[in-house]
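Visitor: Contents of query13.txt (compact mmCIF, C-alpha atoms and all ligand atoms) are below:
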# COMPACT_ATOMS: atom_id res chain seq x y z
CA MET A 1 100.48 18.57 182.83
CA ALA A 2 98.12 16.71 185.15
CA ARG A 3 97.18 18.27 188.46
CA THR A 4 99.42 17.19 191.34
CA ASP A 5 98.30 15.77 194.72
CA ASN A 6 99.48 18.99 196.39
CA GLU A 7 97.28 21.04 194.10
CA LYS A 8 94.31 18.86 194.99
CA ASP A 9 95.11 19.10 198.76
CA THR A 10 95.16 22.92 198.71
CA ALA A 11 92.17 23.29 196.43
CA VAL A 12 89.74 26.18 196.91
CA THR A 13 86.16 25.16 196.27
CA PHE A 14 83.62 27.42 194.54
CA THR A 15 79.95 26.79 194.07
CA PRO A 16 79.00 28.00 190.58
CA ILE A 17 76.37 30.72 190.56
CA GLY A 18 75.05 29.40 187.26
CA VAL A 19 75.87 27.92 183.91
CA VAL A 20 76.40 29.12 180.36
CA GLU A 21 74.07 28.03 177.59
CA SER A 22 75.84 28.25 174.24
CA GLU A 23 75.51 26.68 170.80
CA PHE A 24 79.17 25.62 171.16
CA ASP A 25 79.62 22.40 173.12
CA GLY A 26 83.21 21.73 172.08
CA TYR A 27 86.21 23.59 170.80
CA ALA A 28 85.64 26.72 168.73
CA SER A 29 87.77 29.81 168.49
CA SER A 30 87.03 32.77 170.73
CA ASP A 31 86.51 34.97 167.68
CA GLU A 32 83.85 32.63 166.29
CA MET A 33 82.12 32.22 169.64
CA ARG A 34 82.06 35.90 170.52
CA LYS A 35 79.96 36.73 167.44
CA ARG A 36 77.13 34.53 168.67
CA PRO A 37 74.58 35.06 171.45
CA SER A 38 74.62 33.02 174.60
CA ARG A 39 72.77 32.85 177.87
CA ILE A 40 74.03 32.95 181.42
CA VAL A 41 71.48 31.08 183.51
CA LEU A 42 71.94 31.72 187.21
CA ARG A 43 70.57 29.48 189.92
CA PRO A 44 67.11 30.91 190.65
CA GLU A 45 68.10 31.89 194.20
CA MET A 46 70.86 34.12 192.75
CA ALA A 47 68.34 36.27 190.81
CA PRO A 48 68.15 39.04 193.48
CA GLY A 49 71.86 39.59 192.86
CA LEU A 50 71.07 40.84 189.35
CA MET A 51 69.09 43.87 190.52
CA GLY A 52 70.31 46.93 188.60
CA LEU A 53 72.41 44.96 186.14
CA GLU A 54 69.99 45.92 183.35
CA ASN A 55 71.46 49.44 183.57
CA GLU A 56 74.94 48.19 182.70
CA THR A 57 76.33 47.63 179.21
CA TYR A 58 79.16 45.14 179.75
CA ILE A 59 79.91 42.47 182.32
CA LEU A 60 83.08 40.67 183.25
CA VAL A 61 82.22 36.97 183.34
CA LEU A 62 84.47 34.64 185.31
CA PHE A 63 83.88 31.05 184.35
CA ASN A 64 85.45 27.64 184.69
CA LEU A 65 87.04 26.11 181.60
CA HIS A 66 85.69 22.78 182.78
CA ARG A 67 86.68 20.77 179.70
CA ALA A 68 90.33 21.84 180.01
CA THR A 69 91.45 19.07 182.38
CA GLU A 70 95.20 19.56 181.98
CA TYR A 71 97.47 22.56 181.81
CA GLU A 72 100.71 23.66 180.20
CA LEU A 73 103.10 26.04 181.96
CA GLN A 74 104.69 27.02 178.67
CA LEU A 75 103.07 26.94 175.28
CA HIS A 76 103.04 28.35 171.81
CA PRO A 77 100.04 30.74 171.77
CA GLY A 78 97.29 29.50 169.49
CA HIS A 79 99.10 26.12 169.43
CA ASN A 80 101.04 27.57 166.54
CA PRO A 81 104.74 26.60 166.67
CA ALA A 82 105.47 29.78 164.74
CA ASN A 83 104.48 31.77 167.84
CA PRO A 84 107.35 32.04 170.37
CA LEU A 85 107.10 29.90 173.52
CA ARG A 86 105.43 31.80 176.38
CA GLY A 87 104.62 31.14 180.02
CA VAL A 88 100.93 30.37 180.50
CA PHE A 89 100.48 33.46 182.67
CA ALA A 90 101.66 35.55 179.75
CA THR A 91 98.85 34.16 177.61
CA ARG A 92 95.05 33.75 177.60
CA SER A 93 95.31 29.97 177.05
CA GLN A 94 92.51 27.79 178.41
CA TYR A 95 95.10 25.23 179.61
CA ARG A 96 95.98 26.98 182.86
CA PRO A 97 96.45 25.60 186.39
CA ASN A 98 93.16 26.98 187.72
CA ALA A 99 91.18 26.86 184.44
CA ILE A 100 89.54 30.23 185.15
CA ALA A 101 88.48 32.37 182.21
CA ALA A 102 87.64 36.07 182.27
CA THR A 103 85.68 37.53 179.36
CA VAL A 104 83.96 40.87 178.92
CA ALA A 105 80.52 40.29 177.37
CA GLU A 106 77.85 42.73 176.22
CA ILE A 107 74.47 42.57 177.93
CA VAL A 108 71.54 42.11 175.55
CA SER A 109 68.87 41.72 178.24
CA VAL A 110 68.35 40.63 181.80
CA GLU A 111 65.26 38.53 182.51
CA ASP A 112 64.72 37.05 185.98
CA ASN A 113 67.74 34.79 186.52
CA VAL A 114 68.98 34.91 182.91
CA ILE A 115 71.45 37.30 181.29
CA ASN A 116 71.40 37.25 177.49
CA VAL A 117 74.77 38.32 176.13
CA THR A 118 76.99 38.50 173.10
CA GLY A 119 80.76 38.40 173.17
CA LEU A 120 81.12 35.43 175.51
CA ASP A 121 83.54 32.63 174.56
CA ALA A 122 82.31 30.05 177.08
CA GLN A 123 81.29 26.61 175.89
CA ASP A 124 77.88 25.19 176.69
CA GLY A 125 77.72 24.03 180.29
CA SER A 126 80.61 26.19 181.53
CA PRO A 127 80.16 26.81 185.26
CA VAL A 128 79.89 30.54 186.02
CA LEU A 129 81.89 31.63 189.07
CA ASP A 130 81.15 35.34 189.22
CA ILE A 131 79.78 38.30 187.29
CA LYS A 132 80.88 41.91 187.74
CA PRO A 133 79.95 45.05 185.84
CA PHE A 134 82.78 46.07 183.53
CA ARG A 135 83.69 49.70 184.20
CA SER A 136 86.06 51.24 181.70
CA GLY A 137 87.17 53.89 184.20
CA PHE A 138 87.94 51.24 186.81
CA ASP A 139 89.24 48.34 184.74
CA GLN A 140 91.34 50.31 182.30
CA PRO A 141 94.93 50.72 183.59
CA GLY A 142 95.96 54.34 183.97
CA GLN A 143 92.41 55.50 184.67
CA ALA A 144 90.99 56.63 188.02
CA GLY A 145 92.07 54.43 190.92
CA GLN A 146 94.92 52.81 189.04
CA PRO A 147 98.58 53.58 189.68
CA THR A 148 100.22 55.16 186.67
CA GLY A 149 103.82 55.31 187.82
C1 LIG A 201 91.67 30.86 175.18
S1 LIG A 201 90.19 30.76 176.19
C2 LIG A 201 90.01 32.47 176.66
C3 LIG A 201 88.86 32.65 177.58
C4 LIG A 201 88.73 34.08 178.09
N1 LIG A 201 88.41 35.01 177.01
C5 LIG A 201 89.98 34.55 178.79
O1 LIG A 201 90.74 35.30 178.19
O2 LIG A 201 90.21 34.15 179.94
C6 LIG A 201 88.95 30.59 174.97
C7 LIG A 201 88.89 29.20 174.46
O3 LIG A 201 88.43 28.39 175.51
C8 LIG A 201 87.53 27.44 175.02
N2 LIG A 201 86.56 27.16 176.07
C9 LIG A 201 85.46 27.88 176.39
N3 LIG A 201 84.80 27.30 177.39
C10 LIG A 201 85.51 26.20 177.73
C11 LIG A 201 85.32 25.19 178.70
N4 LIG A 201 84.26 25.20 179.53
N5 LIG A 201 86.24 24.20 178.78
C12 LIG A 201 87.30 24.19 177.94
N6 LIG A 201 87.53 25.10 176.99
C13 LIG A 201 86.63 26.11 176.88
C14 LIG A 201 86.86 28.10 173.83
O4 LIG A 201 86.44 27.13 172.89
C15 LIG A 201 87.93 29.02 173.30
O5 LIG A 201 88.62 28.43 172.24
For the structure just supplied, provide its representation as structure tokens.
Guide:
Amino acid sequence: MARTDNEKDTAVTFTPIGVVESEFDGYASSDEMRKRPSRIVLRPEMAPGLMGLENETYILVLFNLHRATEYELQLHPGHNPANPLRGVFATRSQYRPNAIAATVAEIVSVEDNVINVTGLDAQDGSPVLDIKPFRSGFDQPGQAGQPTG
């Protein structure tokens, strides 16, 4: 589905904090991509925001699936007709209305404005919207701070 005029009128604008450098510049599966290293290169003026990140193990990377220009509200996961039809918000499909991806990546090193990682499934040139430390005790449902009932 193409984006509607109303969607364009109510758009929220983000300025990427950086860009992903990856050996994958087109489609590849997440599994294949996540085995390979990649670099998150922040705009140099963002570098102070990385202070202390070298002490973390994993980060949650929010990035724009910028090559996914259309979306599907219902789809067969993996584009496999054998998989039952699902709503897009019940899947991790890249063809989603806001084309935002969220992937937990492992930090290899932090150098100036660059984070070297593994486990990221972002294609080369993907705009990076935000980075947060992944905290198992915070992000895992049922752990501290999460409702269990
Ligand atoms: C299904 S998405 C899942 C992304 C993330 N792990 C998530 O769950 O939100 C992963 C797929 O998106 C594709 N992809 C990665 N970066 C992209 C980009 N900038 N534009 C379009 N597709 C992209 C990859 O090739 C991969 O097949």
Visitor: I need the residue nearest ligand LIG 201 (chain A) from this list: A:Ala101, A:Leu129, A:Leu120, A:Leu73. Use all atoms listed in the file for the distance.
Guide: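 Closest residue, counting all atoms listed in the file: A:Ala101.
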Visitor: Which of these, A:Pro97, A:Pro127, A:Gly87, A:Pro48, has the shortest distance to ligand LIG 201 (chain A) once you count all atoms listed in the file?
Guide: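 Checking each of A:Pro97, A:Pro127, A:Gly87, A:Pro48 against ligand LIG 201 (chain A), counting all atoms listed in the file, the winner is A:Pro127.
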Visitor: Once you count all atoms listed in the file, which residues end up within 8 Å of ligand LIG 201 (chain A), and could you hand them over as a PyMOL selection string?
Guide: chain A and resi 24+26-30+33+62-69+92-95+99-104+120-127
Visitor: I'd like the interatomic distance between atom CA of A:Gly18 and atom CA of A:Pro77, to a tenth of an Å.
Guide: 29.4 Å
Visitor: Hey, which of A:Thr4, A:Gln140, A:Ser38, A:Asn80 ends up closest to A:Glu23? Count only C-alpha atoms.
Guide: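 Of the candidates, the smallest distance to A:Glu23 is held by A:Ser38.
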Visitor: Between atom CA of A:Arg135 and atom CA of A:Asn116, what is the distance, to one decimal in Å?
Guide: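 About the pair atom CA of A:Arg135 and atom CA of A:Asn116: they are 18.7 Å apart.
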Visitor: Applying 12 Å and all atoms listed in the file, which residues near A:Lys8 remain after dropping the ones on its own chain fewer than 5 positions away? List them as a PDB file with C-alpha atoms, in the frame of the given file.
Guide:
ATOM      1  CA  ALA A   2      98.120  16.710 185.150  1.00  0.00           C
ATOM      2  CA  ARG A   3      97.180  18.270 188.460  1.00  0.00           C
ATOM      3  CA  THR A  13      86.160  25.160 196.270  1.00  0.00           C
ATOM      4  CA  PRO A  97      96.450  25.600 186.390  1.00  0.00           C
ATOM      5  CA  ASN A  98      93.160  26.980 187.720  1.00  0.00           C
TER       6      ASN A  98
END
Visitor: Could you tell me how far atom CA of A:Thr118 sits from atom CA of A:Lys35, in Å to one decimal place?
Guide: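 According to the coordinates, atom CA of A:Lys35 and atom CA of A:Thr118 are separated by 6.6 Å.
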Visitor: Counting only C-alpha atoms, figure out which residue out of A:Ser22, A:Thr91, A:Gln74, A:Glu7 gets nearest to A:Arg36.
Guide: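 That would be A:Ser22, the residue with the smallest distance to A:Arg36.
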